[in-house]
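Structure file data.cif; described as mmCIF, C-alpha atoms.
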data_run
loop_
_atom_site.group_PDB
_atom_site.id
_atom_site.type_symbol
_atom_site.label_atom_id
_atom_site.label_comp_id
_atom_site.auth_asym_id
_atom_site.auth_seq_id
_atom_site.Cartn_x
_atom_site.Cartn_y
_atom_site.Cartn_z
ATOM 1 C CA MET Q 43 -71.310 -21.163 -66.132
ATOM 2 C CA SER Q 44 -72.838 -20.401 -62.764
ATOM 3 C CA ASN Q 45 -71.789 -17.110 -61.217
ATOM 4 C CA ARG Q 46 -72.139 -16.487 -57.504
ATOM 5 C CA ASN Q 47 -71.900 -12.689 -57.520
ATOM 6 C CA SER Q 48 -73.848 -10.944 -60.299
ATOM 7 C CA HIS Q 49 -77.638 -10.456 -60.392
ATOM 8 C CA GLN Q 50 -77.464 -8.089 -63.392
ATOM 9 C CA ASN Q 51 -78.852 -9.083 -66.758
ATOM 10 C CA LYS Q 52 -79.912 -12.462 -65.408
ATOM 11 C CA GLN Q 53 -83.124 -12.707 -67.406
ATOM 12 C CA ALA Q 54 -81.558 -11.410 -70.598
ATOM 13 C CA ALA Q 55 -78.740 -13.911 -70.267
ATOM 14 C CA ARG Q 56 -81.182 -16.756 -69.734
ATOM 15 C CA GLU Q 57 -83.030 -15.753 -72.879
ATOM 16 C CA ARG Q 58 -79.788 -15.704 -74.854
ATOM 17 C CA LEU Q 59 -78.881 -19.108 -73.503
ATOM 18 C CA ARG Q 60 -82.332 -20.473 -74.348
ATOM 19 C CA ALA Q 61 -82.163 -19.044 -77.865
ATOM 20 C CA GLU Q 62 -78.745 -20.535 -78.421
ATOM 21 C CA ARG Q 63 -79.888 -23.945 -77.237
ATOM 22 C CA GLU Q 64 -82.893 -23.816 -79.572
ATOM 23 C CA ARG Q 65 -80.668 -22.817 -82.482
ATOM 24 C CA GLN Q 66 -78.276 -25.663 -81.763
ATOM 25 C CA ALA Q 67 -81.143 -28.162 -81.501
ATOM 26 C CA LYS Q 68 -82.276 -27.352 -85.051
ATOM 27 C CA LYS Q 69 -78.973 -28.378 -86.584
ATOM 28 C CA ASP Q 70 -77.799 -31.876 -87.327
ATOM 29 C CA ARG Q 71 -74.208 -31.739 -86.145
ATOM 30 C CA THR Q 72 -71.477 -34.236 -85.607
ATOM 31 C CA ARG Q 73 -70.284 -34.965 -82.059
ATOM 32 C CA ARG Q 74 -67.353 -32.595 -82.506
ATOM 33 C CA GLN Q 75 -69.663 -29.781 -83.550
ATOM 34 C CA LEU Q 76 -71.889 -30.482 -80.581
ATOM 35 C CA VAL Q 77 -68.910 -30.205 -78.258
ATOM 36 C CA VAL Q 78 -67.927 -26.879 -79.756
ATOM 37 C CA GLY Q 79 -71.546 -25.782 -79.508
ATOM 38 C CA GLY Q 80 -71.488 -26.596 -75.810
ATOM 39 C CA ALA Q 81 -68.475 -24.355 -75.367
ATOM 40 C CA VAL Q 82 -70.265 -21.528 -77.150
ATOM 41 C CA VAL Q 83 -73.225 -21.916 -74.807
ATOM 42 C CA ALA Q 84 -70.838 -21.560 -71.903
ATOM 43 C CA ILE Q 85 -69.384 -18.405 -73.426
ATOM 44 C CA LEU Q 86 -72.815 -16.895 -73.970
ATOM 45 C CA ALA Q 87 -73.582 -17.592 -70.339
ATOM 46 C CA ILE Q 88 -70.435 -15.765 -69.251
ATOM 47 C CA ALA Q 89 -70.845 -12.868 -71.667
ATOM 48 C CA GLY Q 90 -74.430 -12.329 -70.593
ATOM 49 C CA GLY Q 91 -73.576 -12.404 -66.934
ATOM 50 C CA ILE Q 92 -75.708 -15.447 -66.338
ATOM 51 C CA GLY Q 93 -75.542 -16.773 -62.831
ATOM 52 C CA TYR Q 94 -77.718 -16.467 -59.919
ATOM 53 C CA GLY Q 95 -75.948 -14.345 -57.339
ATOM 54 C CA VAL Q 96 -74.772 -16.283 -54.330
ATOM 55 C CA SER Q 97 -76.499 -15.477 -51.072
ATOM 56 C CA GLN Q 98 -73.499 -16.905 -49.210
ATOM 57 C CA MET Q 99 -75.636 -19.543 -47.499
ATOM 58 C CA ASN Q 100 -77.448 -16.903 -45.473
ATOM 59 C CA GLY Q 101 -80.559 -16.471 -47.578
ATOM 60 C CA GLY Q 102 -82.661 -19.043 -49.322
ATOM 61 C CA GLY Q 103 -86.032 -20.599 -48.817
ATOM 62 C CA ASP Q 104 -87.456 -23.277 -46.561
ATOM 63 C CA ALA Q 105 -85.913 -26.307 -48.329
ATOM 64 C CA SER Q 106 -82.393 -24.966 -48.126
ATOM 65 C CA LYS Q 107 -82.777 -23.590 -44.600
ATOM 66 C CA GLU Q 108 -84.333 -26.772 -43.278
ATOM 67 C CA TRP Q 109 -81.596 -28.932 -44.773
ATOM 68 C CA LYS Q 110 -78.896 -26.689 -43.335
ATOM 69 C CA ALA Q 111 -80.559 -26.547 -39.891
ATOM 70 C CA ALA Q 112 -80.796 -30.327 -39.749
ATOM 71 C CA ALA Q 113 -77.193 -30.760 -40.900
ATOM 72 C CA GLU Q 114 -75.861 -28.362 -38.282
ATOM 73 C CA LYS Q 115 -77.275 -30.578 -35.524
ATOM 74 C CA LYS Q 116 -75.249 -33.542 -36.708
ATOM 75 C CA ALA Q 117 -71.679 -34.395 -35.782
ATOM 76 C CA LEU Q 118 -68.992 -33.708 -38.349
ATOM 77 C CA VAL Q 119 -67.970 -36.994 -39.958
ATOM 78 C CA LYS Q 120 -65.041 -36.690 -42.336
ATOM 79 C CA PRO Q 121 -64.985 -39.108 -45.276
ATOM 80 C CA ALA Q 122 -61.985 -41.349 -45.687
ATOM 81 C CA HIS Q 123 -59.408 -40.132 -48.208
ATOM 82 C CA THR Q 124 -59.671 -36.500 -47.048
ATOM 83 C CA THR Q 125 -57.312 -34.259 -45.118
ATOM 84 C CA GLY Q 126 -57.555 -30.953 -43.284
ATOM 85 C CA PRO Q 127 -59.180 -30.094 -39.935
ATOM 86 C CA GLN Q 128 -62.678 -30.644 -41.347
ATOM 87 C CA GLY Q 129 -61.808 -33.098 -44.080
ATOM 88 C CA THR Q 130 -62.498 -30.597 -46.847
ATOM 89 C CA THR Q 131 -59.238 -31.177 -48.729
ATOM 90 C CA VAL Q 132 -59.921 -33.808 -51.371
ATOM 91 C CA ILE Q 133 -56.904 -34.689 -53.513
ATOM 92 C CA ILE Q 134 -57.023 -37.679 -55.850
ATOM 93 C CA GLY Q 135 -54.080 -39.194 -57.681
ATOM 94 C CA ASP Q 136 -50.355 -39.498 -57.084
ATOM 95 C CA GLN Q 137 -49.626 -37.226 -54.140
ATOM 96 C CA LYS Q 138 -46.085 -36.766 -55.471
ATOM 97 C CA ALA Q 139 -47.237 -35.431 -58.841
ATOM 98 C CA LYS Q 140 -45.595 -32.075 -59.617
ATOM 99 C CA ASN Q 141 -48.793 -30.549 -60.950
ATOM 100 C CA THR Q 142 -52.138 -30.039 -59.223
ATOM 101 C CA LEU Q 143 -55.387 -29.473 -61.083
ATOM 102 C CA HIS Q 144 -57.988 -27.830 -58.831
ATOM 103 C CA VAL Q 145 -61.602 -28.065 -59.940
ATOM 104 C CA TYR Q 146 -64.420 -26.018 -58.375
ATOM 105 C CA GLU Q 147 -67.966 -27.204 -59.115
ATOM 106 C CA ASP Q 148 -71.566 -27.098 -57.908
ATOM 107 C CA MET Q 149 -73.573 -30.276 -58.432
ATOM 108 C CA ARG Q 150 -76.549 -28.357 -59.863
ATOM 109 C CA CYS Q 151 -74.405 -26.364 -62.310
ATOM 110 C CA PRO Q 152 -75.325 -27.201 -65.944
ATOM 111 C CA ILE Q 153 -71.972 -26.057 -67.362
ATOM 112 C CA CYS Q 154 -70.178 -28.207 -64.792
ATOM 113 C CA ALA Q 155 -72.205 -31.082 -66.217
ATOM 114 C CA GLN Q 156 -71.063 -30.167 -69.736
ATOM 115 C CA PHE Q 157 -67.444 -30.069 -68.598
ATOM 116 C CA GLU Q 158 -67.785 -33.537 -67.055
ATOM 117 C CA GLN Q 159 -69.576 -34.962 -70.092
ATOM 118 C CA TYR Q 160 -67.035 -33.608 -72.573
ATOM 119 C CA THR Q 161 -63.769 -33.663 -70.641
ATOM 120 C CA GLY Q 162 -64.256 -35.784 -67.525
ATOM 121 C CA SER Q 163 -62.649 -38.852 -69.112
ATOM 122 C CA THR Q 164 -59.664 -36.732 -70.163
ATOM 123 C CA VAL Q 165 -59.187 -35.507 -66.600
ATOM 124 C CA ALA Q 166 -59.514 -39.046 -65.238
ATOM 125 C CA LYS Q 167 -56.883 -40.341 -67.679
ATOM 126 C CA ASP Q 168 -54.463 -37.547 -66.761
ATOM 127 C CA ILE Q 169 -54.913 -38.359 -63.069
ATOM 128 C CA LYS Q 170 -54.233 -42.047 -63.743
ATOM 129 C CA ASP Q 171 -51.201 -41.247 -65.907
ATOM 130 C CA GLY Q 172 -49.730 -38.955 -63.243
ATOM 131 C CA THR Q 173 -49.901 -35.829 -65.394
ATOM 132 C CA PHE Q 174 -51.379 -34.147 -62.341
ATOM 133 C CA LYS Q 175 -53.163 -34.920 -59.109
ATOM 134 C CA ALA Q 176 -56.646 -33.420 -58.845
ATOM 135 C CA GLN Q 177 -58.172 -31.468 -55.992
ATOM 136 C CA TYR Q 178 -61.928 -30.921 -55.760
ATOM 137 C CA THR Q 179 -63.746 -28.139 -53.928
ATOM 138 C CA MET Q 180 -67.516 -28.229 -54.222
ATOM 139 C CA GLY Q 181 -69.905 -25.326 -53.676
ATOM 140 C CA THR Q 182 -73.640 -25.358 -52.971
ATOM 141 C CA PHE Q 183 -74.587 -21.762 -53.740
ATOM 142 C CA LEU Q 184 -77.139 -22.715 -56.400
ATOM 143 C CA ASP Q 185 -79.408 -24.063 -53.667
ATOM 144 C CA ASP Q 186 -79.948 -20.494 -52.490
ATOM 145 C CA LYS Q 187 -80.612 -18.762 -55.783
ATOM 146 C CA GLU Q 188 -83.816 -16.945 -56.583
ATOM 147 C CA GLY Q 189 -86.059 -19.301 -58.511
ATOM 148 C CA MET Q 190 -83.848 -22.270 -57.657
ATOM 149 C CA ILE Q 191 -84.282 -22.642 -53.895
ATOM 150 C CA GLY Q 192 -83.656 -26.216 -52.854
ATOM 151 C CA ALA Q 193 -81.222 -28.685 -51.348
ATOM 152 C CA GLY Q 194 -79.925 -30.639 -54.341
ATOM 153 C CA SER Q 195 -76.394 -29.231 -54.338
ATOM 154 C CA LYS Q 196 -75.908 -29.911 -50.629
ATOM 155 C CA ASN Q 197 -77.579 -33.320 -50.723
ATOM 156 C CA ALA Q 198 -75.562 -34.494 -53.734
ATOM 157 C CA LEU Q 199 -72.370 -33.250 -52.104
ATOM 158 C CA SER Q 200 -73.180 -35.232 -48.956
ATOM 159 C CA ALA Q 201 -73.695 -38.322 -51.130
ATOM 160 C CA LEU Q 202 -70.359 -37.654 -52.815
ATOM 161 C CA GLY Q 203 -68.824 -37.705 -49.343
ATOM 162 C CA ALA Q 204 -70.331 -41.150 -48.839
ATOM 163 C CA ALA Q 205 -68.844 -42.268 -52.178
ATOM 164 C CA LEU Q 206 -65.448 -40.826 -51.277
ATOM 165 C CA ASN Q 207 -65.554 -42.792 -48.042
ATOM 166 C CA VAL Q 208 -65.743 -45.930 -50.198
ATOM 167 C CA SER Q 209 -62.825 -44.958 -52.449
ATOM 168 C CA PRO Q 210 -61.442 -42.078 -54.557
ATOM 169 C CA ASP Q 211 -62.407 -43.989 -57.711
ATOM 170 C CA ALA Q 212 -65.978 -44.348 -56.448
ATOM 171 C CA PHE Q 213 -66.050 -40.581 -55.856
ATOM 172 C CA LEU Q 214 -64.907 -39.809 -59.403
ATOM 173 C CA GLU Q 215 -67.219 -42.356 -61.016
ATOM 174 C CA TYR Q 216 -70.219 -41.243 -58.974
ATOM 175 C CA LYS Q 217 -69.567 -37.584 -59.736
ATOM 176 C CA SER Q 218 -69.391 -38.496 -63.411
ATOM 177 C CA ALA Q 219 -72.686 -40.386 -63.164
ATOM 178 C CA LEU Q 220 -74.417 -37.468 -61.427
ATOM 179 C CA PHE Q 221 -73.185 -35.034 -64.078
ATOM 180 C CA SER Q 222 -74.023 -37.324 -67.013
ATOM 181 C CA ALA Q 223 -76.558 -36.274 -69.632
ATOM 182 C CA LYS Q 224 -78.691 -39.237 -68.571
ATOM 183 C CA ASN Q 225 -78.921 -38.197 -64.928
ATOM 184 C CA HIS Q 226 -78.254 -34.480 -64.558
ATOM 185 C CA PRO Q 227 -81.376 -32.289 -64.594
ATOM 186 C CA GLN Q 228 -81.694 -30.395 -67.866
ATOM 187 C CA GLN Q 229 -83.023 -27.322 -66.100
ATOM 188 C CA GLU Q 230 -81.056 -25.695 -63.298
ATOM 189 C CA THR Q 231 -84.358 -25.090 -61.491
ATOM 190 C CA ASP Q 232 -84.916 -28.870 -61.212
ATOM 191 C CA ASP Q 233 -83.923 -29.876 -57.667
ATOM 192 C CA ALA Q 234 -83.910 -33.621 -58.381
ATOM 193 C CA PHE Q 235 -80.799 -34.284 -56.298
ATOM 194 C CA ALA Q 236 -82.667 -33.266 -53.146
ATOM 195 C CA SER Q 237 -84.105 -36.806 -53.239
ATOM 196 C CA ASP Q 238 -82.030 -39.433 -51.423
ATOM 197 C CA GLN Q 239 -83.734 -42.114 -53.477
ATOM 198 C CA LYS Q 240 -82.678 -40.425 -56.710
ATOM 199 C CA LEU Q 241 -79.070 -40.293 -55.530
ATOM 200 C CA ILE Q 242 -79.156 -43.977 -54.551
ATOM 201 C CA GLU Q 243 -80.699 -44.957 -57.898
ATOM 202 C CA ILE Q 244 -77.903 -43.206 -59.791
ATOM 203 C CA ALA Q 245 -75.321 -44.876 -57.551
ATOM 204 C CA GLN Q 246 -76.412 -48.264 -58.929
ATOM 205 C CA GLN Q 247 -74.545 -47.289 -62.115
ATOM 206 C CA VAL Q 248 -71.239 -47.275 -60.177
ATOM 207 C CA LYS Q 249 -69.771 -50.737 -59.556
ATOM 208 C CA ALA Q 250 -68.383 -49.944 -56.092
ATOM 209 C CA LEU Q 251 -71.679 -48.395 -54.965
ATOM 210 C CA LYS Q 252 -74.178 -50.798 -56.524
ATOM 211 C CA GLY Q 253 -75.992 -52.546 -53.696
ATOM 212 C CA ASN Q 254 -73.570 -51.004 -51.196
ATOM 213 C CA LYS Q 255 -75.686 -50.861 -48.047
ATOM 214 C CA SER Q 256 -73.141 -48.829 -46.075
ATOM 215 C CA PHE Q 257 -73.158 -46.174 -48.778
ATOM 216 C CA GLU Q 258 -76.943 -46.152 -48.953
ATOM 217 C CA LYS Q 259 -77.251 -45.872 -45.183
ATOM 218 C CA ALA Q 260 -74.852 -42.922 -45.183
ATOM 219 C CA VAL Q 261 -76.976 -41.183 -47.822
ATOM 220 C CA THR Q 262 -80.324 -41.768 -46.116
ATOM 221 C CA ASN Q 263 -78.953 -40.911 -42.657
ATOM 222 C CA GLY Q 264 -77.172 -37.818 -43.913
ATOM 223 C CA THR Q 265 -73.908 -39.001 -42.396
ATOM 224 C CA TYR Q 266 -71.862 -36.462 -44.363
ATOM 225 C CA ASP Q 267 -74.352 -33.577 -44.307
ATOM 226 C CA ARG Q 268 -72.282 -31.535 -41.858
ATOM 227 C CA TRP Q 269 -69.191 -32.218 -43.957
ATOM 228 C CA ALA Q 270 -71.031 -30.935 -47.040
ATOM 229 C CA LEU Q 271 -71.648 -27.634 -45.254
ATOM 230 C CA ALA Q 272 -67.984 -27.416 -44.274
ATOM 231 C CA MET Q 273 -66.924 -28.059 -47.871
ATOM 232 C CA SER Q 274 -69.389 -25.431 -49.087
ATOM 233 C CA LYS Q 275 -67.885 -22.877 -46.696
ATOM 234 C CA THR Q 276 -64.422 -23.680 -48.034
ATOM 235 C CA PHE Q 277 -65.721 -22.920 -51.510
ATOM 236 C CA ASN Q 278 -67.329 -19.653 -50.391
ATOM 237 C CA ASP Q 279 -64.125 -18.598 -48.645
ATOM 238 C CA THR Q 280 -62.092 -18.949 -51.858
ATOM 239 C CA LYS Q 281 -61.878 -15.298 -52.860
ATOM 240 C CA ASP Q 282 -60.693 -15.685 -56.448
ATOM 241 C CA VAL Q 283 -63.432 -18.168 -57.419
ATOM 242 C CA ASP Q 284 -66.774 -16.574 -58.261
ATOM 243 C CA SER Q 285 -68.289 -19.055 -60.696
ATOM 244 C CA THR Q 286 -68.462 -22.722 -61.595
ATOM 245 C CA PRO Q 287 -66.795 -24.495 -63.138
ATOM 246 C CA THR Q 288 -63.475 -22.854 -62.265
ATOM 247 C CA ILE Q 289 -60.367 -24.818 -63.157
ATOM 248 C CA LYS Q 290 -56.923 -24.022 -61.786
ATOM 249 C CA LEU Q 291 -53.548 -25.562 -62.531
ATOM 250 C CA ASN Q 292 -50.933 -24.998 -59.845
ATOM 251 C CA GLY Q 293 -53.006 -22.106 -58.520
ATOM 252 C CA LYS Q 294 -53.516 -20.388 -61.894
ATOM 253 C CA ILE Q 295 -57.062 -20.090 -63.224
ATOM 254 C CA LEU Q 296 -57.220 -21.647 -66.685
ATOM 255 C CA THR Q 297 -59.220 -19.917 -69.386
ATOM 256 C CA VAL Q 298 -59.519 -19.971 -73.148
ATOM 257 C CA THR Q 299 -60.712 -17.292 -75.530
ATOM 258 C CA VAL Q 300 -63.874 -18.085 -77.477
ATOM 259 C CA GLN Q 301 -65.656 -15.404 -79.504
ATOM 260 C CA GLY Q 302 -63.578 -12.765 -77.763
ATOM 261 C CA GLN Q 303 -64.578 -13.859 -74.253
ATOM 262 C CA GLN Q 304 -62.640 -15.670 -71.525
ATOM 263 C CA ALA Q 305 -64.150 -18.972 -70.418
ATOM 264 C CA PRO Q 306 -63.135 -22.205 -68.724
ATOM 265 C CA PRO Q 307 -61.746 -24.905 -71.044
ATOM 266 C CA ILE Q 308 -64.836 -27.053 -71.505
ATOM 267 C CA THR Q 309 -63.892 -29.236 -74.489
ATOM 268 C CA PRO Q 310 -61.063 -31.794 -74.511
ATOM 269 C CA GLU Q 311 -59.230 -29.782 -77.162
ATOM 270 C CA GLN Q 312 -59.415 -26.601 -75.123
ATOM 271 C CA PHE Q 313 -58.500 -28.392 -71.906
ATOM 272 C CA ASN Q 314 -55.503 -30.239 -73.335
ATOM 273 C CA SER Q 315 -54.169 -27.121 -75.024
ATOM 274 C CA VAL Q 316 -54.238 -24.852 -71.983
ATOM 275 C CA VAL Q 317 -53.102 -27.546 -69.525
ATOM 276 C CA ARG Q 318 -50.085 -28.547 -71.624
ATOM 277 C CA GLU Q 319 -49.052 -24.907 -71.908
ATOM 278 C CA ASN Q 320 -48.986 -24.525 -68.122
ATOM 279 C CA LEU Q 321 -47.635 -27.840 -66.833
ATOM 280 C CA LYS Q 322 -44.492 -27.812 -64.718
ATOM 281 C CA LYS Q 323 -41.839 -29.871 -66.464
#

Encoded form using structure tokens:
Amino acid sequence: MSNRNSHQNKQAARERLRAERERQAKKDRTRRQLVVGGAVVAILAIAGGIGYGVSQMNGGGDASKEWKAAAEKKALVKPAHTTGPQGTTVIIGDQKAKNTLHVYEDMRCPICAQFEQYTGSTVAKDIKDGTFKAQYTMGTFLDDKEGMIGAGSKNALSALGAALNVSPDAFLEYKSALFSAKNHPQQETDDAFASDQKLIEIAQQVKALKGNKSFEKAVTNGTYDRWALAMSKTFNDTKDVDSTPTIKLNGKILTVTVQGQQAPPITPEQFNSVVRENLKK
């Protein structure tokens, strides 16, 4: 879980997370055990205060500053399938659905990647079935963290805007591809998504984006760069969200208790349990 406020105990938390990953790697587990192990990793991250302390887009190094400076010179282009003055409201699914799931993520966040890998298909099915409509608000604070300075979060978000302009399904499938174990950097310090070519290569795994020249042009030209900054500001302005992933249902932050700590519902079992308890009938 990536926290945007606390600097305390960062190194100690990283060591605990590393130790836990090493311990898990030594065991031959079934897929179910691996999923549970992933949730425990998330809990250790929360308990240890891991996170990188958001600099609220004001700090950062050359890569992040240069990307932001270039984006600010561009016109705001809002992707199709968005609403709001700056197009930062992204709601996918039946607009008449009684329930709204709101997911807050950062494209460089490793626990966000775990959530997508374990539970992304569950969320997609619930959207399709009309259990809820889903709203997405993406942050980019990891680009400005000490030891992680880069542009991958912002660049990937801009590419997601290009996918959303194609269709909501393309957005969901591309986000899933970016967060997949195959494509998501294993280390949060790896700024692979800063590369337009990398983002285009991953897009070839999405049917609607494969060979899509309009999408590729939007990525290489940074068509939605300014929009990515606007979306990031929306995330930063959300006062009750201080880490990713954060998952809300009808405005209520969803958590589960694991080893005595509160954490987001990462596994399908956790997610289904807490969502069903809080659905409007």

Show me, as a tab-separated table, the residues of stretch 256-292 of chain Q having an atom within 8 Å of stretch 139-144 of chain Q, each with the closest atom pair and its distance in Å, using only C-alpha atoms.
residue	atom	partner	partner_atom	distance
Q:Ile289	CA	Q:His144	CA	5.8
Q:Lys290	CA	Q:His144	CA	4.9
Q:Leu291	CA	Q:Leu143	CA	4.6
Q:Asn292	CA	Q:Thr142	CA	5.2

Under the rule of at most 9 Å, produce a per-residue listing of stretch 121-214 of chain Q near stretch 276-288 of chain Q: chain, number, name, the closest pair of atoms, and the distance in Å, as a tab-separated table, using all atoms listed in the file.
residue	atom	partner	partner_atom	distance
Q:Thr130	CA	Q:Thr276	CA	7.3
Q:His144	CA	Q:Thr288	CA	8.2
Q:Val145	CA	Q:Thr288	CA	6.0
Q:Tyr146	CA	Q:Thr288	CA	5.1
Q:Glu147	CA	Q:Pro287	CA	5.0
Q:Asp148	CA	Q:Thr286	CA	6.5
Q:Cys151	CA	Q:Thr286	CA	7.0
Q:Ile153	CA	Q:Pro287	CA	6.9
Q:Cys154	CA	Q:Pro287	CA	5.3
Q:Phe157	CA	Q:Pro287	CA	7.8
Q:Thr179	CA	Q:Phe277	CA	6.1
Q:Met180	CA	Q:Phe277	CA	6.2
Q:Gly181	CA	Q:Phe277	CA	5.3
Q:Thr182	CA	Q:Phe277	CA	8.4
Q:Phe183	CA	Q:Asn278	CA	8.3

Exercise for the section: Rounded to one decimal place, report the atom CA of Q:Thr173-atom CA of Q:Asn207 distance in Å. Expected result: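 Result for atom CA of Q:Thr173 versus atom CA of Q:Asn207: 24.4 Å, one decimal.
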
Handout entry: Explicit residues for the PyMOL selection byres ((chain Q and resi 264) around 9) (as a PyMOL selection string)
Key = chain Q and resi 113+116+197+200-201+259-263+265-268

Practice task
May I ask which of the residues Q:Glu108, Q:Pro227, Q:Leu214, Q:Thr125 is the closest one to Q:Lys167, counting all atoms listed in the file?
Solution key: Q:Leu214

Handout entry: Å distance separating atom CA of Q:Ala166 from atom CA of Q:Met43, one decimal place
Key = 21.4 Å

Quick one: what's the axis-aligned box for stretch 234-237 of chain Q, all listed atoms, 6 Å on every side, centre and edges in Å to one decimal, as lines of an AutoDock Vina configuration file?
center_x = -82.5
center_y = -35.0
center_z = -55.8
size_x = 15.3
size_y = 15.5
size_z = 17.2

Give as a PDB file with C-alpha atoms, in the frame of the given file the residues that the PyMOL selection byres ((chain Q and resi 158) around 10) matches when applied to the coordinates above.
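Output (part37.pdb):
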ATOM      1  CA  PRO Q 152     -75.325 -27.201 -65.944  1.00  0.00           C
ATOM      2  CA  ILE Q 153     -71.972 -26.057 -67.362  1.00  0.00           C
ATOM      3  CA  CYS Q 154     -70.178 -28.207 -64.792  1.00  0.00           C
ATOM      4  CA  ALA Q 155     -72.205 -31.082 -66.217  1.00  0.00           C
ATOM      5  CA  GLN Q 156     -71.063 -30.167 -69.736  1.00  0.00           C
ATOM      6  CA  PHE Q 157     -67.444 -30.069 -68.598  1.00  0.00           C
ATOM      7  CA  GLN Q 159     -69.576 -34.962 -70.092  1.00  0.00           C
ATOM      8  CA  TYR Q 160     -67.035 -33.608 -72.573  1.00  0.00           C
ATOM      9  CA  THR Q 161     -63.769 -33.663 -70.641  1.00  0.00           C
ATOM     10  CA  GLY Q 162     -64.256 -35.784 -67.525  1.00  0.00           C
ATOM     11  CA  SER Q 163     -62.649 -38.852 -69.112  1.00  0.00           C
ATOM     12  CA  THR Q 164     -59.664 -36.732 -70.163  1.00  0.00           C
ATOM     13  CA  VAL Q 165     -59.187 -35.507 -66.600  1.00  0.00           C
ATOM     14  CA  LYS Q 217     -69.567 -37.584 -59.736  1.00  0.00           C
ATOM     15  CA  SER Q 218     -69.391 -38.496 -63.411  1.00  0.00           C
ATOM     16  CA  ALA Q 219     -72.686 -40.386 -63.164  1.00  0.00           C
ATOM     17  CA  LEU Q 220     -74.417 -37.468 -61.427  1.00  0.00           C
ATOM     18  CA  PHE Q 221     -73.185 -35.034 -64.078  1.00  0.00           C
ATOM     19  CA  SER Q 222     -74.023 -37.324 -67.013  1.00  0.00           C
ATOM     20  CA  ALA Q 223     -76.558 -36.274 -69.632  1.00  0.00           C
ATOM     21  CA  PRO Q 287     -66.795 -24.495 -63.138  1.00  0.00           C
ATOM     22  CA  ILE Q 308     -64.836 -27.053 -71.505  1.00  0.00           C
ATOM     23  CA  THR Q 309     -63.892 -29.236 -74.489  1.00  0.00           C
TER      24      THR Q 309
END

Practice task
List the residues matched by the PyMOL selection byres ((chain Q and resi 312) around 12) in the displayed structure as a PyMOL selection string, ordered by chain and then by residue number.
Solution key: chain Q and resi 77-78+81+157+160-161+164+296-300+304-311+313-319

Handout entry: Who sits within 12 Å of Q:Asn254, all atoms listed in the file, same chain under 3 positions skipped, as a list in words
Key = Ala204, Ala205, Asn207, Val208, Ala212, Ile242, Glu243, Ala245, Gln246, Gln247, Val248, Lys249, Ala250, Leu251, Phe257, Glu258, Lys259, Ala260 and Val261 of chain Q

Practice task
Skip Q:Val132 itself and residues of its chain fewer than 6 positions away, then list as a list in words all residues within 6 Å of it, counting only C-alpha atoms.
Solution key: Thr124, Gln177 and Tyr178 of chain Q

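Rounded to one decimal, atom CA of Q:Ser274 and atom CA of Q:Ala198 lie 11.9 Å from each other.
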
Fill in the blank from the handout: One residue among Q:Lys322, Q:Arg150, Q:Lys170, Q:Lys275 is nearest to Q:Asp233 when using only C-alpha atoms, and that residue is Q:Arg150

Completion exercise
The residue from Q:Ala105, Q:Lys138, Q:Phe174, Q:Gln301 with the smallest atom-to-atom distance to Q:Ser237, counting only C-alpha atoms, is Q:Ala105

Practice task
Name the residues within 6 Å of (-70.7, -30.3, -39.1), counting only C-alpha atoms in the file's coordinates, and put them as a list in words.
Solution key: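 Protein, DNA and RNA residues close to (-70.7, -30.3, -39.1): Glu114, Ala117, Leu118, Arg268 and Trp269 of chain Q.
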
With C-alpha atoms retained, export the selected residues as a tab-separated table (two decimals), in the frame of the given file.
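Generated output (selection_3.tsv):
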chain	number	residue	atom	x	y	z
Q	114	GLU	CA	-75.86	-28.36	-38.28
Q	117	ALA	CA	-71.68	-34.40	-35.78
Q	118	LEU	CA	-68.99	-33.71	-38.35
Q	268	ARG	CA	-72.28	-31.54	-41.86
Q	269	TRP	CA	-69.19	-32.22	-43.96

Practice task
Skip Q:Leu199 itself and residues of its chain fewer than 4 positions away, then list as a PyMOL selection string all residues within 8 Å of it, counting only C-alpha atoms.
Solution key: chain Q and resi 149+180+195+203+270

Exercise for the section: Pick out the closest residue to Q:Asn225 from this set: Q:Phe213, Q:Gly129, Q:Leu241, Q:Asn45. Count all atoms listed in the file. Expected result: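 Comparing Q:Phe213, Q:Gly129, Q:Leu241, Q:Asn45 against Q:Asn225, the winner is Q:Leu241.
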